[in-house]
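Have a look at the structure below before the remarks.
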Amino acid sequence: MNDYRNPLIAESMRVLGMVNKFNRGIAIVKQDLEHNGNPPAVFDVNKMTEFRVTINAKKSGEINRESGEIKYNTVRNDSVVLEIIRRNPGVKREKIFLELRTSIRSVERALARLKADKVIEYRGSNKTGGWYIRT
């Protein structure tokens, strides 16, 4: 889309370094959503002074209690975190963080979802305990 609301302001922002490239934001959002397996965003640019982007996040999916597999529309980190715990019973959050190479907050969210789904549990003290697959 090349319909800038105010071309003078758009060019000024580009010159000041506040805009990297024209028309790249929407393409980047579309690409990232597709890469993550999310449905496409809905862009509403019909108003003169504002625009709206609606992103529908995917659901966390269902977990097969026997196999431990996460099936259907899963969050990528959940299955990876579960596999790390399966390979390393008693693993600490920091080790998962280092292996996953994502933010510590993403690891915490994945652990919280898996714990809420009663797939994993934390055993032991805060200092010496770790994460285990529930039996």
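Residue numbering restarts at 1 in every chain; chains get A, B, ... in the order shown in the structure tokens, and ligands count up from 1 in that same order.
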TODO: For Lys95 of chain A, work out the shell of residues within 12 Å, counting only C-alpha atoms and skipping chain neighbours fewer than 4 positions away, then give it as a ChimeraX atom specification.
DONE: /A:81,84-85,88-91,99-102,104,107,130-131
- [ ] Have a look at A:Glu94, A:Ile28, A:Met48, A:Asn126 and name the one nearest to Glu108 of chain A; count only C-alpha atoms.
- [x]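 With only C-alpha atoms as the atom set, the closest residue is A:Glu94.
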Open item on the list: Using only C-alpha atoms, can you tell me which of A:Leu98, A:Val15, A:Val42, A:Leu82 comes closest to Lys115 of chain A?
Closed with: A:Leu82
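Note that atom CA of Glu34 of chain A and atom CA of Glu50 of chain A are 24.8 Å apart.
Distances to Asp117 of chain A were evaluated for A:Arg86, A:Val29, A:Asp78, A:Ile96 using only C-alpha atoms, and the minimum falls at A:Asp78.
Reported to one decimal place, the separation of atom CA of Asn6 of chain A from atom CA of Val45 of chain A is 13.9 Å.
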